[in-house]
Amino acid sequence: MKDKFDISVREAQLCDVDLIADYWLKSDPDFLVQMGVDLNKLPTRNELKKMLTQQINNSITDKKSYALIWELNKKQIGHTNVNGIEYGKQATMHLHLWNSVNRKKGIGTELVKKSLPLFFENLKLKRLICEPYALNPAPNKTLEKVGFKFIKKHKTIPGSLNFEQEVNR
């Protein structure tokens with residue numbers, strides 16, 4: 001996998017805002033629900049762009065959310081972001097491959113491996129949490145492959161766009 005493709009990870013930039021907004025606002029609604037998204041909580045394009053732009057422009061120590069762009073052969077194909085950031089302590093990670101053609105090929109696993117050092121180094125983290133929807137197998141398998149340790153299954157609302165659900169920490 002990693003020998004066949006040029007996989008890279010970089011910080012999100014203003015030129016990525018429309019692509020991230022498209023992912024959230026143009027993805028198939030069934031796909032979003034499978035991921036645990038409450039469709040009624042999706043912001044408008046303008047709200048989403050404003051929030052993303054603000055977070056990109058904030059200093060690293062003031063970010064409420066911090067996103068990395070995933071690239072395959074120099075083309076943006078997804079992102080990972082953290083929120084709940086306690087700079088120097090911990091954050092909560094989310095994983096998003098934008099198009100189904102790039103899923104189930106091991107690409108996400110390789111991208112997560114490349115993303116983890118950036119989160120730890122740039123945010124000076126001691127701990128990184130990920131709580132994917134328990135019924136969404138893809139991120140759960142990916143986390144296991146990259147060495148995350150299962151702590152517990154519990155019910156929560158894991159993010160501002162989610163409905164209450166069982167997640168795997």
# chains A, B, ... in the order shown; residues from 1 in each chain; ligands from 1
call {"tool": "select_by_dssp", "arguments": {"residues": "chain A", "states": "helix (DSSP H, G or I)", "output": "PyMOL selection string"}}
result
chain A and resi 14-26+29-34+39-41+45-57+60-62+100-102+107-123+137-145
call {"tool": "closest_atom_pairs", "arguments": {"of": "range 116-137 of chain A", "to": "range 2-15 of chain A", "cutoff": "12 Å", "atoms": "only C-alpha atoms", "output": "Markdown table"}}
result
| residue | atom | partner | partner_atom | distance |
| --- | --- | --- | --- | --- |
| A:Leu116 | CA | A:Val9 | CA | 10.1 |
| A:Pro117 | CA | A:Val9 | CA | 10.6 |
| A:Leu118 | CA | A:Arg10 | CA | 8.6 |
| A:Phe119 | CA | A:Glu11 | CA | 9.9 |
| A:Asn122 | CA | A:Glu11 | CA | 10.1 |
call {"tool": "residues_around", "arguments": {"residues": "Glu86 in chain A", "least_positions_apart": "2", "cutoff": "10 Å", "atoms": "only C-alpha atoms", "output": "PyMOL selection string"}}
result
chain A and resi 61-64+83-84+88-92+123-127
call {"tool": "write_last_selection", "arguments": {"atoms": "N, CA and C atoms", "output": "short mmCIF file (atom, residue, chain, number, x, y, z; two decimals), in the first residue's frame"}}
result
data_model
loop_
_atom_site.label_atom_id
_atom_site.label_comp_id
_atom_site.auth_asym_id
_atom_site.auth_seq_id
_atom_site.Cartn_x
_atom_site.Cartn_y
_atom_site.Cartn_z
N THR A 61 -1.79 27.43 20.14
CA THR A 61 -2.19 27.31 21.55
C THR A 61 -3.63 27.74 21.80
N ASP A 62 -4.25 28.43 20.82
CA ASP A 62 -5.63 28.91 20.97
C ASP A 62 -6.65 28.11 20.18
N LYS A 63 -6.21 27.08 19.49
CA LYS A 63 -7.14 26.32 18.64
C LYS A 63 -8.10 25.50 19.49
N LYS A 64 -9.38 25.54 19.09
CA LYS A 64 -10.39 24.66 19.68
C LYS A 64 -10.50 23.38 18.85
N ASN A 83 -10.42 17.89 18.51
CA ASN A 83 -11.11 18.95 19.24
C ASN A 83 -11.02 18.61 20.71
N GLY A 84 -11.71 19.37 21.54
CA GLY A 84 -11.56 19.16 22.98
C GLY A 84 -10.10 19.30 23.38
N GLY A 88 -1.02 20.88 25.46
CA GLY A 88 -0.03 20.31 26.37
C GLY A 88 -0.52 19.11 27.15
N LYS A 89 -1.79 18.76 26.97
CA LYS A 89 -2.36 17.64 27.72
C LYS A 89 -2.99 16.61 26.79
N GLN A 90 -4.21 16.90 26.30
CA GLN A 90 -4.92 15.89 25.52
C GLN A 90 -5.86 16.52 24.51
N ALA A 91 -6.35 15.70 23.59
CA ALA A 91 -7.32 16.09 22.58
C ALA A 91 -8.06 14.84 22.13
N THR A 92 -9.14 15.04 21.39
CA THR A 92 -9.94 13.93 20.87
C THR A 92 -9.89 13.97 19.33
N LEU A 123 0.76 19.98 19.23
CA LEU A 123 -0.11 20.36 20.35
C LEU A 123 0.50 19.97 21.70
N LYS A 124 1.71 19.42 21.66
CA LYS A 124 2.42 19.00 22.88
C LYS A 124 1.56 18.07 23.74
N LEU A 125 0.88 17.12 23.07
CA LEU A 125 -0.05 16.23 23.76
C LEU A 125 0.67 15.15 24.55
N LYS A 126 0.02 14.75 25.62
CA LYS A 126 0.45 13.59 26.39
C LYS A 126 -0.51 12.42 26.13
N ARG A 127 -1.74 12.74 25.70
CA ARG A 127 -2.76 11.71 25.48
C ARG A 127 -3.67 12.12 24.32
#
call {"tool": "residues_around", "arguments": {"residues": "Gln55 in chain A", "least_positions_apart": "3", "cutoff": "9 Å", "atoms": "only C-alpha atoms", "output": "NGL selection string"}}
result
:A and (50-52 or 58-59 or 62-67)
call {"tool": "residues_around", "arguments": {"residues": "Thr44 in chain A", "least_positions_apart": "6", "cutoff": "12 Å", "atoms": "only C-alpha atoms", "output": "list in words"}}
result
Ala21, Asp22, Trp24, Leu25, Lys26, Lys50 and Met51 of chain A
call {"tool": "write_last_selection", "arguments": {"atoms": "N, CA and C atoms", "output": "mmCIF file, in the first residue's frame"}}
result
data_model
loop_
_atom_site.group_PDB
_atom_site.id
_atom_site.type_symbol
_atom_site.label_atom_id
_atom_site.label_comp_id
_atom_site.auth_asym_id
_atom_site.auth_seq_id
_atom_site.Cartn_x
_atom_site.Cartn_y
_atom_site.Cartn_z
ATOM 1 N N ALA A 21 -15.866 21.541 3.814
ATOM 2 C CA ALA A 21 -17.299 21.877 3.829
ATOM 3 C C ALA A 21 -18.066 20.965 2.880
ATOM 4 N N ASP A 22 -17.525 20.711 1.704
ATOM 5 C CA ASP A 22 -18.185 19.813 0.742
ATOM 6 C C ASP A 22 -18.362 18.417 1.337
ATOM 7 N N TRP A 24 -18.794 17.538 4.437
ATOM 8 C CA TRP A 24 -19.893 17.520 5.398
ATOM 9 C C TRP A 24 -21.245 17.794 4.758
ATOM 10 N N LEU A 25 -21.273 18.653 3.763
ATOM 11 C CA LEU A 25 -22.560 19.109 3.235
ATOM 12 C C LEU A 25 -23.005 18.400 1.958
ATOM 13 N N LYS A 26 -22.094 17.688 1.299
ATOM 14 C CA LYS A 26 -22.455 16.993 0.058
ATOM 15 C C LYS A 26 -22.374 15.472 0.160
ATOM 16 N N LYS A 50 -16.825 29.727 8.187
ATOM 17 C CA LYS A 50 -16.377 30.714 9.171
ATOM 18 C C LYS A 50 -15.624 30.024 10.316
ATOM 19 N N MET A 51 -16.185 28.922 10.821
ATOM 20 C CA MET A 51 -15.560 28.188 11.915
ATOM 21 C C MET A 51 -14.210 27.613 11.480
#
call {"tool": "closest_residue", "arguments": {"among": "A:Asp18, A:Leu111, A:Ser27, A:Glu121", "to": "Ile60 in chain A", "atoms": "only C-alpha atoms"}}
result
A:Glu121
call {"tool": "closest_residue", "arguments": {"among": "A:Gly106, A:Pro137, A:Pro29, A:Pro132", "to": "Pro158 in chain A", "atoms": "only C-alpha atoms"}}
result
A:Pro132
call {"tool": "closest_residue", "arguments": {"among": "A:Ile77, A:Leu32, A:Val37, A:Ile20", "to": "Ile107 in chain A", "atoms": "only C-alpha atoms"}}
result
A:Ile77
call {"tool": "closest_residue", "arguments": {"among": "A:Asp16, A:Glu71, A:Asp28, A:Glu131", "to": "Val167 in chain A", "atoms": "only C-alpha atoms"}}
result
A:Glu131
call {"tool": "select_by_dssp", "arguments": {"residues": "range 19-117 of chain A", "states": "strand (DSSP E or B)", "output": "PyMOL selection string"}}
result
chain A and resi 37+65-72+75-86+90-97
call {"tool": "write_last_selection", "arguments": {"atoms": "N, CA and C atoms", "output": "PDB file, in the first residue's frame"}}
result
ATOM      1  N   VAL A  37     -23.615  10.902  12.623  1.00  0.00           N
ATOM      2  CA  VAL A  37     -23.953  12.317  12.477  1.00  0.00           C
ATOM      3  C   VAL A  37     -25.464  12.521  12.584  1.00  0.00           C
ATOM      4  N   SER A  65     -10.092  23.504  17.586  1.00  0.00           N
ATOM      5  CA  SER A  65     -10.057  22.381  16.660  1.00  0.00           C
ATOM      6  C   SER A  65      -8.806  22.553  15.805  1.00  0.00           C
ATOM      7  N   TYR A  66      -8.197  21.429  15.442  1.00  0.00           N
ATOM      8  CA  TYR A  66      -6.967  21.470  14.660  1.00  0.00           C
ATOM      9  C   TYR A  66      -7.047  20.351  13.639  1.00  0.00           C
ATOM     10  N   ALA A  67      -6.948  20.708  12.366  1.00  0.00           N
ATOM     11  CA  ALA A  67      -7.138  19.726  11.296  1.00  0.00           C
ATOM     12  C   ALA A  67      -5.873  19.513  10.485  1.00  0.00           C
ATOM     13  N   LEU A  68      -5.701  18.264  10.080  1.00  0.00           N
ATOM     14  CA  LEU A  68      -4.652  17.871   9.148  1.00  0.00           C
ATOM     15  C   LEU A  68      -5.327  17.355   7.887  1.00  0.00           C
ATOM     16  N   ILE A  69      -4.766  17.691   6.754  1.00  0.00           N
ATOM     17  CA  ILE A  69      -5.292  17.234   5.462  1.00  0.00           C
ATOM     18  C   ILE A  69      -4.518  16.002   5.028  1.00  0.00           C
ATOM     19  N   TRP A  70      -5.278  15.018   4.579  1.00  0.00           N
ATOM     20  CA  TRP A  70      -4.696  13.786   4.073  1.00  0.00           C
ATOM     21  C   TRP A  70      -4.627  13.863   2.551  1.00  0.00           C
ATOM     22  N   GLU A  71      -3.463  13.536   2.011  1.00  0.00           N
ATOM     23  CA  GLU A  71      -3.274  13.576   0.562  1.00  0.00           C
ATOM     24  C   GLU A  71      -2.794  12.231   0.031  1.00  0.00           C
ATOM     25  N   LEU A  72      -3.279  11.924  -1.146  1.00  0.00           N
ATOM     26  CA  LEU A  72      -2.862  10.730  -1.875  1.00  0.00           C
ATOM     27  C   LEU A  72      -2.434  11.200  -3.258  1.00  0.00           C
ATOM     28  N   LYS A  75      -3.116  14.873  -3.920  1.00  0.00           N
ATOM     29  CA  LYS A  75      -4.511  15.338  -3.991  1.00  0.00           C
ATOM     30  C   LYS A  75      -5.177  15.116  -2.633  1.00  0.00           C
ATOM     31  N   GLN A  76      -5.912  16.131  -2.165  1.00  0.00           N
ATOM     32  CA  GLN A  76      -6.598  16.030  -0.887  1.00  0.00           C
ATOM     33  C   GLN A  76      -7.693  14.966  -0.968  1.00  0.00           C
ATOM     34  N   ILE A  77      -7.665  14.022   0.007  1.00  0.00           N
ATOM     35  CA  ILE A  77      -8.661  12.941  -0.002  1.00  0.00           C
ATOM     36  C   ILE A  77      -9.374  12.787   1.336  1.00  0.00           C
ATOM     37  N   GLY A  78      -8.990  13.589   2.306  1.00  0.00           N
ATOM     38  CA  GLY A  78      -9.636  13.473   3.602  1.00  0.00           C
ATOM     39  C   GLY A  78      -8.966  14.356   4.626  1.00  0.00           C
ATOM     40  N   HIS A  79      -9.434  14.218   5.851  1.00  0.00           N
ATOM     41  CA  HIS A  79      -8.827  14.979   6.935  1.00  0.00           C
ATOM     42  C   HIS A  79      -8.992  14.237   8.250  1.00  0.00           C
ATOM     43  N   THR A  80      -8.155  14.593   9.166  1.00  0.00           N
ATOM     44  CA  THR A  80      -8.304  14.172  10.547  1.00  0.00           C
ATOM     45  C   THR A  80      -8.242  15.450  11.361  1.00  0.00           C
ATOM     46  N   ASN A  81      -9.029  15.499  12.388  1.00  0.00           N
ATOM     47  CA  ASN A  81      -8.986  16.680  13.236  1.00  0.00           C
ATOM     48  C   ASN A  81      -9.095  16.266  14.685  1.00  0.00           C
ATOM     49  N   VAL A  82      -8.651  17.170  15.536  1.00  0.00           N
ATOM     50  CA  VAL A  82      -8.834  16.987  16.963  1.00  0.00           C
ATOM     51  C   VAL A  82      -9.632  18.169  17.482  1.00  0.00           C
ATOM     52  N   ASN A  83     -10.421  17.891  18.507  1.00  0.00           N
ATOM     53  CA  ASN A  83     -11.106  18.951  19.237  1.00  0.00           C
ATOM     54  C   ASN A  83     -11.016  18.609  20.714  1.00  0.00           C
ATOM     55  N   GLY A  84     -11.707  19.371  21.544  1.00  0.00           N
ATOM     56  CA  GLY A  84     -11.562  19.160  22.977  1.00  0.00           C
ATOM     57  C   GLY A  84     -10.104  19.303  23.381  1.00  0.00           C
ATOM     58  N   ILE A  85      -9.409  20.205  22.715  1.00  0.00           N
ATOM     59  CA  ILE A  85      -7.963  20.354  22.907  1.00  0.00           C
ATOM     60  C   ILE A  85      -7.671  21.004  24.256  1.00  0.00           C
ATOM     61  N   GLU A  86      -6.834  20.341  25.018  1.00  0.00           N
ATOM     62  CA  GLU A  86      -6.205  20.924  26.206  1.00  0.00           C
ATOM     63  C   GLU A  86      -4.728  20.956  25.869  1.00  0.00           C
ATOM     64  N   GLN A  90      -4.206  16.898  26.304  1.00  0.00           N
ATOM     65  CA  GLN A  90      -4.919  15.886  25.519  1.00  0.00           C
ATOM     66  C   GLN A  90      -5.858  16.523  24.509  1.00  0.00           C
ATOM     67  N   ALA A  91      -6.346  15.698  23.592  1.00  0.00           N
ATOM     68  CA  ALA A  91      -7.322  16.093  22.578  1.00  0.00           C
ATOM     69  C   ALA A  91      -8.056  14.836  22.127  1.00  0.00           C
ATOM     70  N   THR A  92      -9.143  15.040  21.391  1.00  0.00           N
ATOM     71  CA  THR A  92      -9.944  13.934  20.867  1.00  0.00           C
ATOM     72  C   THR A  92      -9.890  13.972  19.334  1.00  0.00           C
ATOM     73  N   MET A  93      -9.533  12.850  18.734  1.00  0.00           N
ATOM     74  CA  MET A  93      -9.301  12.751  17.295  1.00  0.00           C
ATOM     75  C   MET A  93     -10.506  12.181  16.547  1.00  0.00           C
ATOM     76  N   HIS A  94     -10.683  12.681  15.307  1.00  0.00           N
ATOM     77  CA  HIS A  94     -11.728  12.208  14.391  1.00  0.00           C
ATOM     78  C   HIS A  94     -11.079  11.921  13.036  1.00  0.00           C
ATOM     79  N   LEU A  95     -11.576  10.902  12.325  1.00  0.00           N
ATOM     80  CA  LEU A  95     -10.977  10.444  11.070  1.00  0.00           C
ATOM     81  C   LEU A  95     -11.996  10.521   9.936  1.00  0.00           C
ATOM     82  N   HIS A  96     -11.581  11.094   8.784  1.00  0.00           N
ATOM     83  CA  HIS A  96     -12.530  11.266   7.685  1.00  0.00           C
ATOM     84  C   HIS A  96     -11.872  11.088   6.312  1.00  0.00           C
ATOM     85  N   LEU A  97     -12.148   9.969   5.662  1.00  0.00           N
ATOM     86  CA  LEU A  97     -11.790   9.808   4.248  1.00  0.00           C
ATOM     87  C   LEU A  97     -13.013  10.264   3.448  1.00  0.00           C
TER      88      LEU A  97
END
